[in-house]
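Okay, work-v3.cif is below, mmCIF, C-alpha atoms and all ligand atoms:
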data_my_file
loop_
_atom_site.label_atom_id
_atom_site.label_comp_id
_atom_site.auth_asym_id
_atom_site.auth_seq_id
_atom_site.Cartn_x
_atom_site.Cartn_y
_atom_site.Cartn_z
CA MET A 1 207.62 11.25 263.20
CA LYS A 2 206.25 7.79 264.09
CA VAL A 3 203.36 6.57 261.95
CA ARG A 4 200.63 5.74 264.49
CA LYS A 5 197.33 6.43 262.75
CA ALA A 6 195.25 4.76 260.08
CA ILE A 7 192.04 5.64 258.27
CA ILE A 8 189.91 2.80 256.97
CA PRO A 9 187.31 4.15 254.54
CA ALA A 10 184.29 1.85 254.62
CA ALA A 11 181.43 4.10 253.58
CA GLY A 12 181.13 3.07 249.91
CA LEU A 13 177.88 1.64 248.57
CA GLY A 14 179.44 -1.62 247.37
CA THR A 15 177.32 -1.69 244.22
CA ARG A 16 179.51 -4.38 242.66
CA PHE A 17 178.27 -6.69 245.38
CA MET A 18 174.54 -6.07 245.14
CA PRO A 19 172.04 -7.26 246.28
CA VAL A 20 173.68 -8.23 249.61
CA THR A 21 175.08 -4.70 250.04
CA LYS A 22 171.58 -3.22 249.96
CA SER A 23 171.38 -3.71 253.72
CA MET A 24 174.81 -5.02 254.74
CA PRO A 25 178.29 -3.49 254.54
CA LYS A 26 180.58 -5.33 252.12
CA GLU A 27 183.36 -4.81 254.67
CA MET A 28 181.47 -7.27 256.92
CA LEU A 29 181.30 -10.05 254.33
CA PRO A 30 183.06 -13.03 255.90
CA ILE A 31 186.10 -14.74 254.52
CA VAL A 32 185.01 -18.16 255.88
CA ASP A 33 184.20 -16.85 259.37
CA LYS A 34 186.01 -13.53 259.75
CA PRO A 35 184.69 -10.22 258.41
CA THR A 36 186.97 -8.59 255.83
CA ILE A 37 187.45 -5.48 257.95
CA GLN A 38 188.81 -7.55 260.84
CA PHE A 39 191.69 -8.69 258.60
CA ILE A 40 192.43 -5.03 257.86
CA VAL A 41 192.36 -4.01 261.53
CA GLU A 42 194.67 -6.96 262.34
CA GLU A 43 197.09 -5.83 259.61
CA ALA A 44 197.09 -2.34 261.15
CA LYS A 45 197.91 -3.77 264.57
CA LYS A 46 200.70 -6.00 263.24
CA SER A 47 202.14 -2.89 261.55
CA GLY A 48 202.35 -0.93 264.80
CA ILE A 49 199.32 1.33 264.24
CA GLU A 50 197.82 2.58 267.52
CA ASP A 51 194.70 4.55 266.44
CA ILE A 52 192.25 3.75 263.67
CA LEU A 53 189.46 5.90 262.28
CA ILE A 54 186.84 3.89 260.40
CA VAL A 55 184.77 6.04 258.04
CA THR A 56 181.32 4.48 257.93
CA GLY A 57 177.92 5.44 256.52
CA LYS A 58 174.32 4.29 256.40
CA ASN A 59 173.75 0.54 256.85
CA LYS A 60 177.23 0.18 258.39
CA ARG A 61 176.28 -0.18 262.08
CA SER A 62 177.34 -3.83 262.15
CA ILE A 63 180.99 -2.73 261.75
CA GLU A 64 180.80 -0.89 265.10
CA ASP A 65 178.90 -3.76 266.71
CA HIS A 66 181.57 -6.23 265.59
CA PHE A 67 184.38 -4.45 267.46
CA ASP A 68 182.16 -3.75 270.50
CA SER A 69 181.44 -6.24 273.29
CA ASN A 70 178.35 -8.48 273.13
CA PRO A 71 177.41 -9.12 276.80
CA GLU A 72 174.43 -11.37 275.98
CA LEU A 73 176.49 -13.63 273.72
CA GLU A 74 179.41 -13.65 276.17
CA GLN A 75 177.18 -14.57 279.13
CA ASN A 76 175.66 -17.39 277.11
CA LEU A 77 179.10 -18.74 276.11
CA GLN A 78 180.28 -18.44 279.70
CA GLU A 79 177.28 -20.42 281.04
CA LYS A 80 177.77 -23.14 278.44
CA GLY A 81 181.48 -23.36 279.19
CA LYS A 82 182.44 -22.48 275.62
CA THR A 83 185.61 -20.75 276.76
CA GLY A 84 187.36 -20.83 273.37
CA LEU A 85 184.52 -18.96 271.67
CA LEU A 86 184.21 -16.60 274.64
CA LYS A 87 187.87 -15.69 274.32
CA MET A 88 187.49 -15.25 270.56
CA SER A 89 184.66 -12.76 271.09
CA GLN A 90 186.48 -10.85 273.85
CA ASP A 91 189.74 -10.70 271.89
CA ILE A 92 188.00 -8.78 269.09
CA THR A 93 186.84 -6.16 271.62
CA HIS A 94 190.25 -5.93 273.25
CA LEU A 95 192.49 -5.81 270.21
CA GLY A 96 194.85 -3.37 271.91
CA ILE A 97 194.18 -0.71 269.29
CA ASN A 98 191.87 2.33 269.58
CA ILE A 99 189.07 2.41 267.05
CA TYR A 100 187.15 5.62 266.34
CA TYR A 101 184.27 6.11 263.92
CA THR A 102 182.95 8.92 261.81
CA ARG A 103 180.26 8.98 259.14
CA GLN A 104 180.53 10.10 255.55
CA PRO A 105 177.04 11.51 254.86
CA TYR A 106 177.14 10.91 251.08
CA PRO A 107 179.35 8.43 249.23
CA ALA A 108 181.16 11.32 247.53
CA GLY A 109 184.33 9.37 246.73
CA LEU A 110 187.42 8.03 248.45
CA GLY A 111 188.99 11.50 248.65
CA ASP A 112 185.93 12.83 250.46
CA ALA A 113 186.00 9.87 252.89
CA ILE A 114 189.68 10.51 253.72
CA ALA A 115 189.07 14.26 254.11
CA ARG A 116 186.81 13.39 257.05
CA GLY A 117 189.86 12.21 258.97
CA ARG A 118 191.61 15.59 259.01
CA SER A 119 191.16 16.44 262.70
CA PHE A 120 191.78 12.79 263.71
CA VAL A 121 195.13 12.80 261.88
CA GLY A 122 196.26 16.32 262.82
CA ASP A 123 199.78 16.97 261.55
CA GLU A 124 201.07 13.40 261.55
CA PRO A 125 201.83 11.03 258.67
CA PHE A 126 199.16 8.33 258.43
CA VAL A 127 198.08 5.31 256.42
CA VAL A 128 194.93 4.67 254.42
CA MET A 129 193.79 1.05 254.30
CA LEU A 130 190.88 0.28 252.00
CA GLY A 131 188.20 -1.71 253.78
CA ASP A 132 187.74 -4.23 250.95
CA ASP A 133 191.34 -4.93 249.89
CA LEU A 134 193.21 -7.81 251.58
CA MET A 135 196.99 -7.99 251.28
CA MET A 136 198.94 -11.12 252.14
CA ASP A 137 202.71 -11.09 252.63
CA LYS A 138 205.27 -12.11 255.26
CA VAL A 139 205.66 -8.46 256.29
CA PRO A 140 202.25 -6.71 256.24
CA LEU A 141 202.02 -4.19 253.38
CA THR A 142 201.18 -1.37 255.80
CA LYS A 143 204.41 -2.13 257.68
CA GLN A 144 206.33 -2.15 254.37
CA LEU A 145 205.04 1.38 253.65
CA ILE A 146 205.90 2.55 257.16
CA ASP A 147 209.44 1.16 256.76
CA ARG A 148 209.78 3.09 253.48
CA TYR A 149 208.51 6.27 255.16
CA ASN A 150 211.03 5.87 257.96
CA GLU A 151 213.78 5.95 255.30
CA THR A 152 212.45 8.69 252.99
CA HIS A 153 209.93 10.71 255.05
CA ALA A 154 207.84 10.94 251.90
CA SER A 155 204.31 9.84 251.04
CA THR A 156 204.42 6.35 249.54
CA ILE A 157 201.64 4.59 247.67
CA ALA A 158 201.45 0.82 247.22
CA VAL A 159 201.29 -0.34 243.60
CA MET A 160 201.39 -3.63 241.73
CA PRO A 161 201.31 -4.60 238.06
CA VAL A 162 197.85 -5.53 236.73
CA PRO A 163 196.83 -7.05 233.37
CA HIS A 164 196.89 -4.26 230.76
CA LYS A 165 193.20 -4.62 229.87
CA GLU A 166 192.26 -3.87 233.51
CA VAL A 167 194.11 -0.56 233.92
CA SER A 168 190.91 1.46 233.45
CA LYS A 169 189.61 0.15 236.80
CA TYR A 170 192.51 1.64 238.78
CA GLY A 171 194.58 4.69 239.56
CA ILE A 172 197.72 4.21 237.44
CA ILE A 173 201.19 5.71 237.89
CA LYS A 174 203.48 7.19 235.29
CA PRO A 175 206.86 6.01 236.62
CA GLU A 176 209.95 8.17 236.35
CA ASN A 177 212.79 6.02 237.70
CA GLU A 178 213.43 3.37 240.35
CA ILE A 179 215.38 5.07 243.13
CA MET A 180 216.01 1.85 245.06
CA PRO A 181 214.76 -1.71 244.47
CA GLY A 182 210.96 -1.62 244.48
CA LEU A 183 210.69 2.14 245.14
CA ILE A 184 209.64 4.27 242.18
CA ASN A 185 209.85 8.00 241.68
CA VAL A 186 206.50 8.93 240.11
CA LYS A 187 205.90 11.52 237.41
CA SER A 188 202.11 11.52 237.68
CA PHE A 189 199.11 9.64 239.03
CA VAL A 190 196.12 9.14 236.73
CA GLU A 191 192.70 7.92 237.90
CA LYS A 192 191.13 5.19 235.73
CA PRO A 193 192.84 5.96 232.40
CA ALA A 194 191.52 4.53 229.13
CA VAL A 195 193.35 1.30 228.24
CA ASP A 196 195.14 2.93 225.26
CA LYS A 197 196.14 6.01 227.31
CA ALA A 198 197.48 4.33 230.48
CA PRO A 199 201.04 5.49 231.26
CA SER A 200 201.97 2.04 232.73
CA ASP A 201 200.45 -1.17 234.10
CA PHE A 202 201.33 -0.26 237.71
CA ALA A 203 198.05 0.16 239.57
CA ILE A 204 197.49 1.86 242.92
CA ILE A 205 196.23 -0.76 245.38
CA GLY A 206 194.50 -0.33 248.72
CA ARG A 207 197.31 0.95 250.97
CA TYR A 208 198.64 4.52 251.07
CA LEU A 209 201.06 6.26 253.40
CA LEU A 210 200.35 9.97 253.25
CA THR A 211 201.73 13.10 254.83
CA PRO A 212 199.11 15.47 256.33
CA GLU A 213 199.65 17.99 253.50
CA ILE A 214 197.10 15.92 251.58
CA PHE A 215 194.25 17.47 253.63
CA PRO A 216 194.37 21.09 252.38
CA ILE A 217 194.64 19.69 248.86
CA LEU A 218 191.58 17.47 249.38
CA ALA A 219 189.69 20.45 250.76
CA GLU A 220 190.27 22.30 247.47
CA GLN A 221 189.81 19.28 245.21
CA LYS A 222 186.99 19.56 242.65
CA PRO A 223 184.73 16.52 242.14
CA ASP A 224 185.23 14.50 238.93
CA LYS A 225 182.56 14.02 236.22
CA GLY A 226 180.83 11.41 238.40
CA GLY A 227 180.64 13.85 241.33
CA GLU A 228 183.33 12.03 243.35
CA ILE A 229 186.41 13.52 245.03
CA GLN A 230 189.24 11.27 243.89
CA LEU A 231 192.15 10.60 246.24
CA THR A 232 194.35 9.85 243.20
CA ASP A 233 193.86 13.40 241.88
CA ALA A 234 194.82 14.91 245.24
CA ILE A 235 197.94 12.70 245.37
CA ASP A 236 198.88 13.85 241.87
CA THR A 237 198.56 17.49 242.98
CA MET A 238 200.66 16.82 246.09
CA ASN A 239 203.34 15.15 243.96
CA LYS A 240 203.94 18.51 242.25
CA THR A 241 205.13 20.12 245.48
CA GLN A 242 206.51 17.18 247.51
CA ARG A 243 207.68 13.78 246.36
CA VAL A 244 205.27 10.86 246.42
CA PHE A 245 206.86 7.47 245.83
CA ALA A 246 205.32 4.20 244.67
CA HIS A 247 206.25 1.03 246.55
CA VAL A 248 205.91 -2.19 244.54
CA PHE A 249 204.00 -4.88 246.44
CA ASN A 250 205.20 -8.42 245.73
CA GLY A 251 202.66 -10.27 247.87
CA VAL A 252 199.14 -11.42 247.09
CA ARG A 253 196.22 -9.00 246.83
CA HIS A 254 192.54 -9.92 247.10
CA ASP A 255 190.00 -7.29 246.10
CA VAL A 256 187.08 -8.79 247.99
CA GLY A 257 184.72 -6.02 246.82
CA ASN A 258 184.46 -7.99 243.58
CA LYS A 259 182.45 -11.23 243.48
CA GLU A 260 184.90 -13.44 241.62
CA ASN A 261 187.85 -12.39 243.76
CA TYR A 262 185.76 -12.78 246.90
CA LEU A 263 184.94 -16.40 246.03
CA GLU A 264 188.58 -17.20 245.21
CA THR A 265 189.73 -15.63 248.49
CA SER A 266 187.15 -17.58 250.48
CA ILE A 267 188.32 -20.85 248.91
CA GLU A 268 192.00 -20.08 249.52
CA TYR A 269 191.37 -19.12 253.13
CA GLY A 270 189.08 -22.12 253.61
CA LEU A 271 191.95 -24.35 252.47
CA LYS A 272 194.07 -22.97 255.34
CA HIS A 273 191.41 -22.76 258.04
CA PRO A 274 191.84 -25.65 260.55
CA GLU A 275 188.09 -26.40 260.70
CA THR A 276 187.49 -26.49 256.96
CA LYS A 277 190.74 -27.29 255.17
CA ASP A 278 190.50 -31.10 254.96
CA ALA A 279 186.85 -31.36 253.94
CA LEU A 280 187.13 -28.45 251.50
CA ARG A 281 190.22 -29.93 249.86
CA LYS A 282 188.42 -33.26 249.30
CA TYR A 283 185.39 -31.41 247.97
CA ILE A 284 187.44 -29.33 245.52
CA ILE A 285 189.34 -32.36 244.21
CA ASN A 286 186.08 -34.25 243.61
CA LEU A 287 184.46 -31.21 242.06
CA GLY A 288 187.46 -30.76 239.77
CA LYS A 289 187.15 -34.39 238.60
CA LYS A 290 183.42 -33.94 238.00
CA LEU A 291 183.93 -30.70 236.05
CA GLU A 292 186.67 -32.30 233.98
CA LYS A 293 184.40 -35.22 233.14
CA GLN A 294 181.57 -32.84 232.21
CA GLY A 295 183.98 -30.89 230.02
CA LYS A 296 184.84 -34.09 228.08
CA GLU A 297 181.20 -35.11 227.60
P1 LIG B 1 185.34 1.11 246.17
O1 LIG B 1 185.19 1.90 244.94
O2 LIG B 1 185.95 -0.26 246.08
O3 LIG B 1 183.99 0.94 246.98
O4 LIG B 1 186.11 1.97 247.24
P2 LIG B 1 182.49 1.16 246.61
O5 LIG B 1 182.25 2.48 246.00
O6 LIG B 1 181.76 0.82 247.86
O7 LIG B 1 182.28 -0.06 245.60
P3 LIG B 1 181.41 -0.26 244.30
O8 LIG B 1 182.34 0.15 243.20
O9 LIG B 1 180.15 0.53 244.40
O10 LIG B 1 181.16 -1.75 244.31
C1 LIG B 1 187.20 1.49 248.03
C2 LIG B 1 186.96 1.70 249.51
O11 LIG B 1 186.65 3.08 249.77
C3 LIG B 1 185.43 3.19 250.47
C4 LIG B 1 184.68 1.87 250.23
O12 LIG B 1 183.83 1.56 251.32
C5 LIG B 1 185.80 0.87 250.04
O13 LIG B 1 186.20 0.27 251.26
N1 LIG B 1 184.68 4.38 250.00
C6 LIG B 1 184.45 4.56 248.67
C7 LIG B 1 184.19 5.27 250.92
O14 LIG B 1 184.40 5.13 252.15
N2 LIG B 1 183.48 6.35 250.48
C8 LIG B 1 183.22 6.56 249.16
O15 LIG B 1 182.55 7.56 248.82
C9 LIG B 1 183.73 5.64 248.23
#
For the structure just supplied, provide its representation as structure tokens.
Amino acid sequence: MKVRKAIIPAAGLGTRFMPVTKSMPKEMLPIVDKPTIQFIVEEAKKSGIEDILIVTGKNKRSIEDHFDSNPELEQNLQEKGKTGLLKMSQDITHLGINIYYTRQPYPAGLGDAIARGRSFVGDEPFVVMLGDDLMMDKVPLTKQLIDRYNETHASTIAVMPVPHKEVSKYGIIKPENEIMPGLINVKSFVEKPAVDKAPSDFAIIGRYLLTPEIFPILAEQKPDKGGEIQLTDAIDTMNKTQRVFAHVFNGVRHDVGNKENYLETSIEYGLKHPETKDALRKYIINLGKKLEKQGKE
């Protein structure tokens, strides 16, 4: 069956990014001039996704506004002859992909957010794309997962190696064997293991291709100690009755829900953006010289 649907969970509180996330969704934080979630929606479109469900929550209205039209702004741009900006605004409204919204009433975990997509997904395979995780590669990671699914018809989770001391921040896989280059048969999935108990350094990153059998499992899933329904636990349960593979991502990942990574991503993107790249490059070179001098003093 063709993979046509995606769920983008974007209802988390974003506490790692406080205070800005007190009133603003972290998924709307700009990378130079484009909100993070727009990159994710564009990745979905490039991967052939037709329908997206964005799971939102309180203080997340600006996500809906961003993909809606803005007649006042558009009229103003039209009158001033700013046709480039007018087109930019209209293109976001007419992305050629259907976007639906639902609310998660309490931030009860990623598993709970995904469970809210059950009737949207129906009995089709679908992808989950985390609203704060940017993936850069020649072929979009979502498309890579869909290509794998088209070969195996199995759920496939994106993973990549992370530094060993960071494993406790992620869902980690216990690999069994590599069944073809970059595709791993998984023994178990463990959410945020202690550093000395982690079964590998392969961490689950923000893209999942799941079969709809995940929904009855999520419905039965008990919350963890922190009161959250973990998607990783549901995937581990599913893996006991149908195979779930791990696909190794070789591109670049930016977790923009974390301040340091967000700043690095903004700089990297700014060095590619036609309006900022030259000035930013000069600035960084001069800053580097200054910092080096300070370091020697
Ligand atoms: P994160 O754990 O990165 O998001 O979840 P968070 O909980 O907002 O962040 P911190 O840790 O407090 O800073 C990954 C994605 O899942 C969504 C988030 O919005 C984010 O895009 N999510 C998380 C939900 O939609 N609902 C939840 O209950 C939890």
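The space separating CA of Arg207 in chain A from atom O10 of ligand LIG 1 (chain B) comes to 17.7 Å.
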Interface rows for range 88-189 of chain A against range 5-21 of chain A: nearest pair, Å to one decimal, 7 Å, only C-alpha atoms, as JSON lines:
{"residue": "A:Gln104", "atom": "CA", "partner": "A:Ala11", "partner_atom": "CA", "distance": 6.4}
{"residue": "A:Pro107", "atom": "CA", "partner": "A:Gly12", "partner_atom": "CA", "distance": 5.7}
{"residue": "A:Ala113", "atom": "CA", "partner": "A:Pro9", "partner_atom": "CA", "distance": 6.1}
{"residue": "A:Ile114", "atom": "CA", "partner": "A:Pro9", "partner_atom": "CA", "distance": 6.8}
{"residue": "A:Gly117", "atom": "CA", "partner": "A:Ile7", "partner_atom": "CA", "distance": 7.0}
{"residue": "A:Val121", "atom": "CA", "partner": "A:Lys5", "partner_atom": "CA", "distance": 6.8}
{"residue": "A:Phe126", "atom": "CA", "partner": "A:Lys5", "partner_atom": "CA", "distance": 5.1}
{"residue": "A:Val127", "atom": "CA", "partner": "A:Ala6", "partner_atom": "CA", "distance": 4.7}
{"residue": "A:Val128", "atom": "CA", "partner": "A:Ile7", "partner_atom": "CA", "distance": 4.9}
{"residue": "A:Met129", "atom": "CA", "partner": "A:Ile8", "partner_atom": "CA", "distance": 5.0}
{"residue": "A:Leu130", "atom": "CA", "partner": "A:Ile8", "partner_atom": "CA", "distance": 5.7}
{"residue": "A:Gly131", "atom": "CA", "partner": "A:Ala10", "partner_atom": "CA", "distance": 5.4}
Problem - Nearest-residue call for Gly96 in chain A, choices A:Gln242, A:Lys46, A:Ser266, A:Gly226, using all atoms listed in the file - result: A:Lys46
Handout entry: Between CA of Ser119 in chain A and CA of Leu210 in chain A, distance in Å (one decimal)
Key =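 Those two atoms sit 14.7 Å apart.
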Exercise for the section: Would you mind reading off the distance between CA of Met180 in chain A and CA of Ile204 in chain A, one decimal, in Å? Expected result: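 Taking CA of Met180 in chain A as the start and CA of Ile204 in chain A as the end point, the length is 18.6 Å.
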As AutoDock Vina command-line options, what would the box around range 109-119 of chain A look like: edges along x, y and z, 3 Å added on every side, centre and edge lengths in Å to one decimal?
--center_x 188.0 --center_y 12.2 --center_z 254.7 --size_x 13.3 --size_y 14.4 --size_z 22.0
Practice task
Identify which of the residues A:Phe202, A:Tyr106, A:Ala158, A:Pro274 lies closest to Gln144 in chain A, counting only C-alpha atoms when measuring atom-to-atom distances.
Solution key: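 Nearest to Gln144 in chain A: A:Ala158.
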Practice task
Return the single residue from A:Ile173, A:Met28, A:Ala115, A:Val190 that is closest to Phe215 in chain A, with distances computed using all atoms listed in the file.
Solution key: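 Between A:Ile173, A:Met28, A:Ala115, A:Val190, the residue approaching Phe215 in chain A most closely is A:Ala115.
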Exercise for the section: Using all atoms listed in the file, find the one residue out of A:Lys282, A:Arg116, A:Lys34, A:Lys2 that sits nearest to ligand LIG 1 (chain B). Expected result: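 Using all atoms listed in the file, the shortest distance to ligand LIG 1 (chain B) belongs to A:Arg116.
Residue nearest Asp147 in chain A, chosen from A:Asn239, A:Gln294, A:Thr102, A:Ser47 and counting all atoms listed in the file: A:Ser47.
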Please provide the set of residues having any atom within 10 Å of Lys192 in chain A, restricted to all atoms listed in the file, with same-chain residues fewer than 4 positions apart removed, written as a tab-separated table (two decimals) with C-alpha atoms, keeping the file's coordinate frame.
chain	number	residue	atom	x	y	z
A	166	GLU	CA	192.26	-3.87	233.51
A	167	VAL	CA	194.11	-0.56	233.92
A	168	SER	CA	190.91	1.46	233.45
A	169	LYS	CA	189.61	0.15	236.80
A	170	TYR	CA	192.51	1.64	238.78
A	171	GLY	CA	194.58	4.69	239.56
A	172	ILE	CA	197.72	4.21	237.44
A	197	LYS	CA	196.14	6.01	227.31
A	198	ALA	CA	197.48	4.33	230.48
A	203	ALA	CA	198.05	0.16	239.57
A	232	THR	CA	194.35	9.85	243.20
Problem - Residue neighbourhood range 67-74 of chain A, 7 Å, all atoms listed in the file, exclusion window fewer than 6 positions, as an MDAnalysis selection string - result: chainID A and resid 86 90 92:93
Can you spit out the residues from that selection as a PDB file, keeping the file's coordinate frame, using C-alpha atoms?
ATOM      1  CA  LEU A  86     184.210 -16.600 274.640  1.00  0.00           C
ATOM      2  CA  GLN A  90     186.480 -10.850 273.850  1.00  0.00           C
ATOM      3  CA  ILE A  92     188.000  -8.780 269.090  1.00  0.00           C
ATOM      4  CA  THR A  93     186.840  -6.160 271.620  1.00  0.00           C
TER       5      THR A  93
END
Exercise for the section: Find, counting only C-alpha atoms and all ligand atoms, the residue in A:Lys143, A:Arg61, A:His153, A:Lys259 that gets nearest to ligand LIG 1 (chain B). Expected result: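 With only C-alpha atoms and all ligand atoms as the atom set, the closest residue is A:Lys259.
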Problem - Spatial neighbours of range 175-178 of chain A, 12 Å, all atoms listed in the file, chain gap at least 6 places, as a ChimeraX atom specification - result: /A:159,184-190,198-203,243-248
Practice task
Place a sphere of radius 10 Å on (198.0, 18.5, 254.4) in the file coordinates and name every protein, DNA or RNA residue with an atom inside or on its surface, counting all atoms listed in the file; give the answer as JSON, numbers by chain.
Solution key: {"A": [115, 118, 121, 122, 123, 124, 125, 210, 211, 212, 213, 214, 215, 216, 217, 218, 219, 238]}
Handout entry: Residues near Tyr101 in chain A, cut-off 9 Å, all atoms listed in the file, skip fewer than 3 positions along chain, as a PyMOL selection string
Key = chain A and resi 52-56+64
Handout entry: Contacts of Pro30 in chain A at 12 Å (all atoms listed in the file; same-chain gap of 2+ positions) as a list in words
Key = Met24, Pro25, Lys26, Glu27, Met28, Val32, Asp33, Lys34, Pro35, Thr36, Ile37, Gln38, Phe39, His66, Asp132, Val256, Gly257, Tyr262, Leu263, Thr265, Ser266, Ile267, Tyr269 and Gly270 of chain A
Output of range 242-297 of chain A limited to C-alpha atoms, as a PDB file, in the first residue's frame:
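Output contents, as saved in out-v3.pdb:
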ATOM      1  CA  GLN A 242       5.784  -8.162  13.516  1.00  0.00           C
ATOM      2  CA  ARG A 243       9.234  -7.128  12.411  1.00  0.00           C
ATOM      3  CA  VAL A 244      10.364  -3.551  12.930  1.00  0.00           C
ATOM      4  CA  PHE A 245      13.604  -2.630  11.178  1.00  0.00           C
ATOM      5  CA  ALA A 246      16.054   0.181  11.857  1.00  0.00           C
ATOM      6  CA  HIS A 247      17.311   2.209   8.902  1.00  0.00           C
ATOM      7  CA  VAL A 248      20.688   3.897   9.422  1.00  0.00           C
ATOM      8  CA  PHE A 249      20.639   7.568   8.427  1.00  0.00           C
ATOM      9  CA  ASN A 250      23.913   8.815   6.957  1.00  0.00           C
ATOM     10  CA  GLY A 251      22.925  12.458   6.495  1.00  0.00           C
ATOM     11  CA  VAL A 252      23.023  15.379   8.907  1.00  0.00           C
ATOM     12  CA  ARG A 253      20.549  15.729  11.773  1.00  0.00           C
ATOM     13  CA  HIS A 254      19.755  18.939  13.635  1.00  0.00           C
ATOM     14  CA  ASP A 255      17.749  18.649  16.849  1.00  0.00           C
ATOM     15  CA  VAL A 256      16.557  22.245  16.913  1.00  0.00           C
ATOM     16  CA  GLY A 257      14.628  21.687  20.164  1.00  0.00           C
ATOM     17  CA  ASN A 258      17.988  22.099  21.901  1.00  0.00           C
ATOM     18  CA  LYS A 259      19.568  25.559  22.172  1.00  0.00           C
ATOM     19  CA  GLU A 260      23.113  24.710  21.140  1.00  0.00           C
ATOM     20  CA  ASN A 261      22.013  22.692  18.124  1.00  0.00           C
ATOM     21  CA  TYR A 262      19.528  25.395  17.167  1.00  0.00           C
ATOM     22  CA  LEU A 263      22.283  28.031  17.074  1.00  0.00           C
ATOM     23  CA  GLU A 264      24.590  25.790  15.032  1.00  0.00           C
ATOM     24  CA  THR A 265      21.783  25.034  12.569  1.00  0.00           C
ATOM     25  CA  SER A 266      20.941  28.721  12.190  1.00  0.00           C
ATOM     26  CA  ILE A 267      24.588  29.531  11.420  1.00  0.00           C
ATOM     27  CA  GLU A 268      24.917  26.703   8.901  1.00  0.00           C
ATOM     28  CA  TYR A 269      21.706  27.675   7.136  1.00  0.00           C
ATOM     29  CA  GLY A 270      22.653  31.357   7.267  1.00  0.00           C
ATOM     30  CA  LEU A 271      25.892  30.463   5.461  1.00  0.00           C
ATOM     31  CA  LYS A 272      23.808  29.042   2.592  1.00  0.00           C
ATOM     32  CA  HIS A 273      21.002  31.606   2.507  1.00  0.00           C
ATOM     33  CA  PRO A 274      21.491  33.997  -0.470  1.00  0.00           C
ATOM     34  CA  GLU A 275      20.626  37.110   1.581  1.00  0.00           C
ATOM     35  CA  THR A 276      22.920  36.373   4.513  1.00  0.00           C
ATOM     36  CA  LYS A 277      25.730  34.085   3.394  1.00  0.00           C
ATOM     37  CA  ASP A 278      28.375  36.663   2.405  1.00  0.00           C
ATOM     38  CA  ALA A 279      27.974  39.012   5.363  1.00  0.00           C
ATOM     39  CA  LEU A 280      27.671  36.131   7.841  1.00  0.00           C
ATOM     40  CA  ARG A 281      30.799  34.442   6.489  1.00  0.00           C
ATOM     41  CA  LYS A 282      32.811  37.668   6.909  1.00  0.00           C
ATOM     42  CA  TYR A 283      31.390  38.115  10.397  1.00  0.00           C
ATOM     43  CA  ILE A 284      32.261  34.566  11.469  1.00  0.00           C
ATOM     44  CA  ILE A 285      35.819  34.802  10.124  1.00  0.00           C
ATOM     45  CA  ASN A 286      36.393  38.083  12.000  1.00  0.00           C
ATOM     46  CA  LEU A 287      34.771  36.719  15.131  1.00  0.00           C
ATOM     47  CA  GLY A 288      36.973  33.622  14.928  1.00  0.00           C
ATOM     48  CA  LYS A 289      40.095  35.819  14.715  1.00  0.00           C
ATOM     49  CA  LYS A 290      38.915  37.896  17.680  1.00  0.00           C
ATOM     50  CA  LEU A 291      38.151  34.814  19.777  1.00  0.00           C
ATOM     51  CA  GLU A 292      41.512  33.297  18.906  1.00  0.00           C
ATOM     52  CA  LYS A 293      43.274  36.494  19.959  1.00  0.00           C
ATOM     53  CA  GLN A 294      41.300  36.579  23.220  1.00  0.00           C
ATOM     54  CA  GLY A 295      42.210  32.948  23.834  1.00  0.00           C
ATOM     55  CA  LYS A 296      45.940  33.822  23.539  1.00  0.00           C
ATOM     56  CA  GLU A 297      45.712  36.826  25.872  1.00  0.00           C
TER      57      GLU A 297
END
